[in-house]
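Student: Input: one structure, supplied below.
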Amino acid sequence: MARVRSWSASFACALFAGTAWLAPALALSIFLAACRHIVPVDTVPLDQAGMSYDAIQQLRALDITSPEVADLARARAGGLSEGSCIEAVRIFHGRHQAFHGGEAMAGLAGAGMSEASILELARLDQLGADSGEFQAMRLAGLSEAIVLEVARHRATGQPVLAGASLALLRNTGLRDATLLELARRGVPDSQASTILAGRRRGATDAEILRAFPGT
């Protein structure tokens with residue numbers, strides 16, 4: 001009986017010794033197989049859009065993805081500097097978001113928005129659906145300060161005059177300083193028709209500001 005037990009123990013040890021290598025070997029084979037399927041991000045579109053080697057390396061260090069490369073190429077081709085493109089990615093990644101503001105950034109740049117203001121819109125997370133309105137505001141002649149003030153109110157869910165209303169009021173001769181102050185005061189867009197009516201009756205900028213002191 002002791003001989004049988006000894007043989008069983010020897011067999012078990014031999015079996016363990018023969019199979020112990022399987023776990024690390026299996027893990028290594030899975031790792032190597034995964035590595036073979038990792039495809040490097042193609043940054044050729046960035047090079048074609050005029051991005052320098054150093055800038056592309058900085059973007060690689062930010063772990064950009066293929067969709068982000070395409071969006072960055074749009075921003076760069078739209079006139080945004082390398083520095084602004086890199087900073088925009090940092091802003092989006094800081095919110096744990098994939099960068100998706102390339103088209104909006106290019107559109108805003110084309111409408112005459114400065115890169116500093118575009119990056120501020122990115123920080124406010126306002127390069128989404130409202131970016132088209134901000135472009136229209138700039139094309140209508142509204143100042144960047146007014147655009148940013150509207151964006152700040154939108155970012156915090158506060159009421160503010162819409163871009164179309166501000167452009168219409170500007171066409172009545174209201175000064176940019178007055179429009180900016182109305183935006184700062186958070187005058188809701190529902191009051192735009194009242195302001196417009198007062199303007200048509202000859203109300204001055206000072207009178208309109210007195211009528212809408214804000215909250």
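Ligands are numbered from 1 in the order shown, residues from 1 within each chain, and chains are lettered A, B, ... in the order they appear in the structure tokens.
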Can you tell me which residues surround Thr43 (chain A) at a distance of at most 8 Å, considering only C-alpha atoms, apart from same-chain residues fewer than 3 positions away, and format the answer as JSON, numbers by chain?
Tutor: {"A": [46, 47, 56, 66, 69]}
Student: Given only C-alpha atoms as the basis, pick out the residue of A:Met105, A:Leu139, A:Leu182, A:Leu59 nearest to Pro213 (chain A).
Tutor: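 Checking each candidate against Pro213 (chain A), we get A:Leu182 as the closest.
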Student: May I have the residues within 8 Å of Ala155 (chain A) as a ChimeraX atom specification, using only C-alpha atoms and disregarding those fewer than 6 positions away in the same chain?
Tutor: /A:124-126
Student: In terms of the shortest atom-to-atom distance over only C-alpha atoms, which of A:Ala55, A:Thr204, A:Val44, A:His93 is closest to Thr178 (chain A)?
Tutor: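 Closest to Thr178 (chain A), using only C-alpha atoms: A:Thr204.
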Student: Considering only C-alpha atoms, state which residue in the set A:Asn171, A:Arg201, A:Gln158, A:Ala122 is at the smallest distance from Leu142 (chain A).
Tutor: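 Going through A:Asn171, A:Arg201, A:Gln158, A:Ala122 one by one, the smallest distance to Leu142 (chain A) is for A:Asn171.
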Student: Would you mind telling me which residue in A:Arg74, A:Ser131, A:Val147, A:Ile195 lies nearest to Glu207 (chain A) when using only C-alpha atoms?
Tutor: A:Ile195
Student: Which residues are near Arg95 (chain A)? Cut-off 12 Å, only C-alpha atoms, ignore same chain within fewer than 3 positions. Put them as a PyMOL selection string.
Tutor: chain A and resi 88-92+98-99+122-125
Student: Could you list, as a ChimeraX atom specification, every residue within 12 Å of Ala116 (chain A), counting only C-alpha atoms and ignoring same-chain residues fewer than 6 positions away?
Tutor: /A:80-81,83-85,87-88,105,108-109,122-123,144-145,148
Student: Residues near Ala203 (chain A), anyone? I mean within 12 Å using only C-alpha atoms, not counting same-chain ones fewer than 5 positions away, as a ChimeraX atom specification.
Tutor: /A:172-174,194-198,208-211
Student: Taking the DSSP secondary structure from the backbone, can you list the residues of chain A that are helix (DSSP H, G or I), as JSON, numbers by chain?
Tutor: {"A": [2, 3, 4, 5, 6, 7, 8, 9, 10, 11, 12, 13, 14, 15, 16, 17, 18, 19, 22, 23, 24, 25, 26, 27, 28, 29, 30, 31, 32, 33, 34, 35, 36, 37, 44, 45, 46, 47, 48, 53, 54, 55, 56, 57, 58, 59, 60, 61, 66, 67, 68, 69, 70, 71, 72, 73, 74, 75, 76, 77, 82, 83, 84, 85, 86, 87, 88, 89, 90, 91, 92, 93, 94, 102, 103, 104, 105, 106, 107, 108, 109, 110, 115, 116, 117, 118, 119, 120, 121, 122, 123, 131, 132, 133, 134, 135, 136, 137, 138, 139, 144, 145, 146, 147, 148, 149, 150, 151, 152, 153, 154, 155, 163, 164, 165, 166, 167, 168, 169, 170, 171, 176, 177, 178, 179, 180, 181, 182, 183, 184, 189, 190, 191, 192, 193, 194, 195, 196, 197, 198, 199, 200, 205, 206, 207, 208, 209, 210, 211]}
Student: Would you mind exporting C-alpha atoms of the selected residues as a compact mmCIF listing (two decimals), in the first residue's frame?
Tutor:
```txt
# COMPACT_ATOMS: atom_id res chain seq x y z
CA ALA A 2 2.86 2.39 0.84
CA ARG A 3 4.39 1.60 -2.55
CA VAL A 4 1.10 2.54 -4.25
CA ARG A 5 0.91 5.80 -2.37
CA SER A 6 4.48 6.61 -3.30
CA TRP A 7 3.79 5.91 -6.95
CA SER A 8 0.64 8.08 -6.87
CA ALA A 9 2.55 10.96 -5.32
CA SER A 10 5.33 10.64 -7.87
CA PHE A 11 2.79 10.62 -10.70
CA ALA A 12 1.06 13.71 -9.35
CA CYS A 13 4.36 15.56 -9.07
CA ALA A 14 5.34 14.57 -12.58
CA LEU A 15 1.95 15.64 -13.90
CA PHE A 16 2.22 19.04 -12.18
CA ALA A 17 5.75 19.52 -13.41
CA GLY A 18 4.67 18.71 -16.92
CA THR A 19 1.73 21.14 -16.93
CA LEU A 22 1.12 25.88 -19.51
CA ALA A 23 -0.34 28.88 -17.62
CA PRO A 24 2.49 31.38 -18.31
CA ALA A 25 2.98 30.00 -21.80
CA LEU A 26 -0.73 30.40 -22.53
CA ALA A 27 -0.70 33.97 -21.18
CA LEU A 28 2.34 34.77 -23.31
CA SER A 29 0.72 33.38 -26.44
CA ILE A 30 -2.45 35.43 -25.82
CA PHE A 31 -0.34 38.56 -25.28
CA LEU A 32 1.63 38.02 -28.49
CA ALA A 33 -1.57 37.36 -30.42
CA ALA A 34 -3.06 40.60 -29.10
CA CYS A 35 0.07 42.53 -30.05
CA ARG A 36 -0.16 41.24 -33.59
CA HIS A 37 -3.67 42.71 -33.81
CA VAL A 44 -0.90 60.48 -42.40
CA PRO A 45 -4.02 62.71 -42.55
CA LEU A 46 -2.37 65.02 -40.00
CA ASP A 47 0.78 65.22 -42.10
CA GLN A 48 -1.33 65.95 -45.18
CA TYR A 53 6.40 65.83 -36.97
CA ASP A 54 6.85 67.23 -33.44
CA ALA A 55 3.16 68.13 -33.17
CA ILE A 56 2.12 64.67 -34.37
CA GLN A 57 4.39 63.08 -31.76
CA GLN A 58 2.78 65.20 -29.05
CA LEU A 59 -0.63 64.04 -30.22
CA ARG A 60 0.52 60.42 -30.25
CA ALA A 61 1.58 60.89 -26.63
CA SER A 66 -8.21 57.21 -35.68
CA PRO A 67 -11.52 59.16 -35.46
CA GLU A 68 -9.70 61.89 -33.54
CA VAL A 69 -7.02 62.03 -36.24
CA ALA A 70 -9.69 62.71 -38.86
CA ASP A 71 -11.26 65.43 -36.72
CA LEU A 72 -7.90 67.04 -35.98
CA ALA A 73 -7.11 67.07 -39.68
CA ARG A 74 -10.32 69.05 -40.26
CA ALA A 75 -9.37 71.57 -37.60
CA ARG A 76 -5.83 71.97 -38.95
CA ALA A 77 -7.02 72.26 -42.54
CA GLU A 82 -0.83 73.07 -34.17
CA GLY A 83 -0.76 74.39 -30.62
CA SER A 84 -4.51 74.99 -30.59
CA CYS A 85 -5.18 71.51 -31.97
CA ILE A 86 -3.04 69.92 -29.28
CA GLU A 87 -4.59 72.03 -26.52
CA ALA A 88 -8.10 71.17 -27.73
CA VAL A 89 -7.31 67.46 -27.44
CA ARG A 90 -5.99 68.01 -23.91
CA ILE A 91 -9.20 69.85 -22.99
CA PHE A 92 -11.43 67.07 -24.31
CA HIS A 93 -9.33 64.30 -22.78
CA GLY A 94 -9.36 66.18 -19.48
CA GLY A 102 -12.61 69.69 -35.42
CA GLU A 103 -15.42 70.71 -37.73
CA ALA A 104 -16.80 73.23 -35.23
CA MET A 105 -13.36 74.74 -34.66
CA ALA A 106 -12.75 75.08 -38.38
CA GLY A 107 -16.17 76.69 -38.88
CA LEU A 108 -15.60 79.19 -36.07
CA ALA A 109 -12.16 80.07 -37.40
CA GLY A 110 -13.70 80.63 -40.82
CA GLU A 115 -8.13 80.71 -31.56
CA ALA A 116 -8.13 81.88 -27.94
CA SER A 117 -11.91 82.26 -28.03
CA ILE A 118 -12.35 78.92 -29.79
CA LEU A 119 -10.35 77.20 -27.05
CA GLU A 120 -12.46 78.97 -24.43
CA LEU A 121 -15.57 77.52 -26.09
CA ALA A 122 -13.87 74.11 -25.89
CA ARG A 123 -13.26 74.60 -22.16
CA SER A 131 -21.32 76.06 -32.43
CA GLY A 132 -23.31 76.78 -35.61
CA GLU A 133 -25.16 79.55 -33.80
CA PHE A 134 -21.89 81.01 -32.55
CA GLN A 135 -20.56 81.03 -36.10
CA ALA A 136 -23.68 82.87 -37.27
CA MET A 137 -23.27 85.42 -34.48
CA ARG A 138 -19.74 86.23 -35.59
CA LEU A 139 -20.79 86.46 -39.23
CA GLU A 144 -16.34 87.56 -29.56
CA ALA A 145 -17.04 88.85 -26.06
CA ILE A 146 -20.79 88.60 -26.71
CA VAL A 147 -20.43 85.11 -28.16
CA LEU A 148 -18.45 83.93 -25.14
CA GLU A 149 -20.92 85.47 -22.71
CA VAL A 150 -23.79 83.63 -24.37
CA ALA A 151 -21.72 80.44 -24.28
CA ARG A 152 -20.99 80.85 -20.55
CA HIS A 153 -24.69 81.17 -19.78
CA ARG A 154 -25.50 78.16 -21.95
CA ALA A 155 -22.79 76.12 -20.24
CA GLY A 163 -27.78 84.80 -31.07
CA ALA A 164 -30.47 85.63 -33.63
CA SER A 165 -32.15 88.04 -31.21
CA LEU A 166 -28.86 89.77 -30.41
CA ALA A 167 -28.11 90.15 -34.11
CA LEU A 168 -31.56 91.62 -34.70
CA LEU A 169 -31.13 94.08 -31.84
CA ARG A 170 -27.73 95.05 -33.19
CA ASN A 171 -29.37 95.90 -36.49
CA ASP A 176 -22.13 96.13 -28.72
CA ALA A 177 -21.46 97.24 -25.14
CA THR A 178 -25.21 97.28 -24.50
CA LEU A 179 -25.73 93.88 -26.08
CA LEU A 180 -22.86 92.46 -24.03
CA GLU A 181 -24.35 93.86 -20.83
CA LEU A 182 -27.77 92.38 -21.65
CA ALA A 183 -26.09 89.02 -22.14
CA ARG A 184 -24.15 89.36 -18.87
CA ASP A 189 -34.73 85.41 -24.97
CA SER A 190 -38.44 85.73 -24.18
CA GLN A 191 -37.77 89.44 -23.55
CA ALA A 192 -36.22 90.06 -26.96
CA SER A 193 -39.50 91.18 -28.53
CA THR A 194 -40.05 93.68 -25.68
CA ILE A 195 -36.59 95.14 -26.14
CA LEU A 196 -37.12 95.34 -29.90
CA ALA A 197 -40.46 97.10 -29.43
CA GLY A 198 -38.90 99.60 -27.06
CA ARG A 199 -36.12 100.27 -29.51
CA ARG A 200 -38.63 100.94 -32.27
CA ASP A 205 -29.37 102.11 -24.86
CA ALA A 206 -29.39 103.54 -21.31
CA GLU A 207 -33.17 103.29 -21.06
CA ILE A 208 -33.13 99.65 -22.20
CA LEU A 209 -30.47 98.76 -19.65
CA ARG A 210 -32.49 100.43 -16.90
CA ALA A 211 -35.55 98.44 -17.97
```
Student: Report the distance between CA of Ala129 (chain A) and CA of Gly214 (chain A) in Å, rounded to one decimal place.
Tutor: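 So the answer is 26.6 Å.
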Student: For Pro188 (chain A), which residue among A:Ser143, A:Phe212, A:Leu161, A:Gly202 is the nearest when counting only C-alpha atoms?
Tutor: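 Of the candidates, the smallest distance to Pro188 (chain A) is held by A:Leu161.
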Student: What gap, in Å, lies between CA of Gly78 (chain A) and CA of Ala140 (chain A)?
Tutor: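 Computing it gives 20.1 Å between the two atoms.
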Student: One decimal, Å: what's the distance from CA of His100 (chain A) over to CA of Ala162 (chain A), could you say?
Tutor: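 According to the coordinates, CA of His100 (chain A) and CA of Ala162 (chain A) are separated by 24.2 Å.
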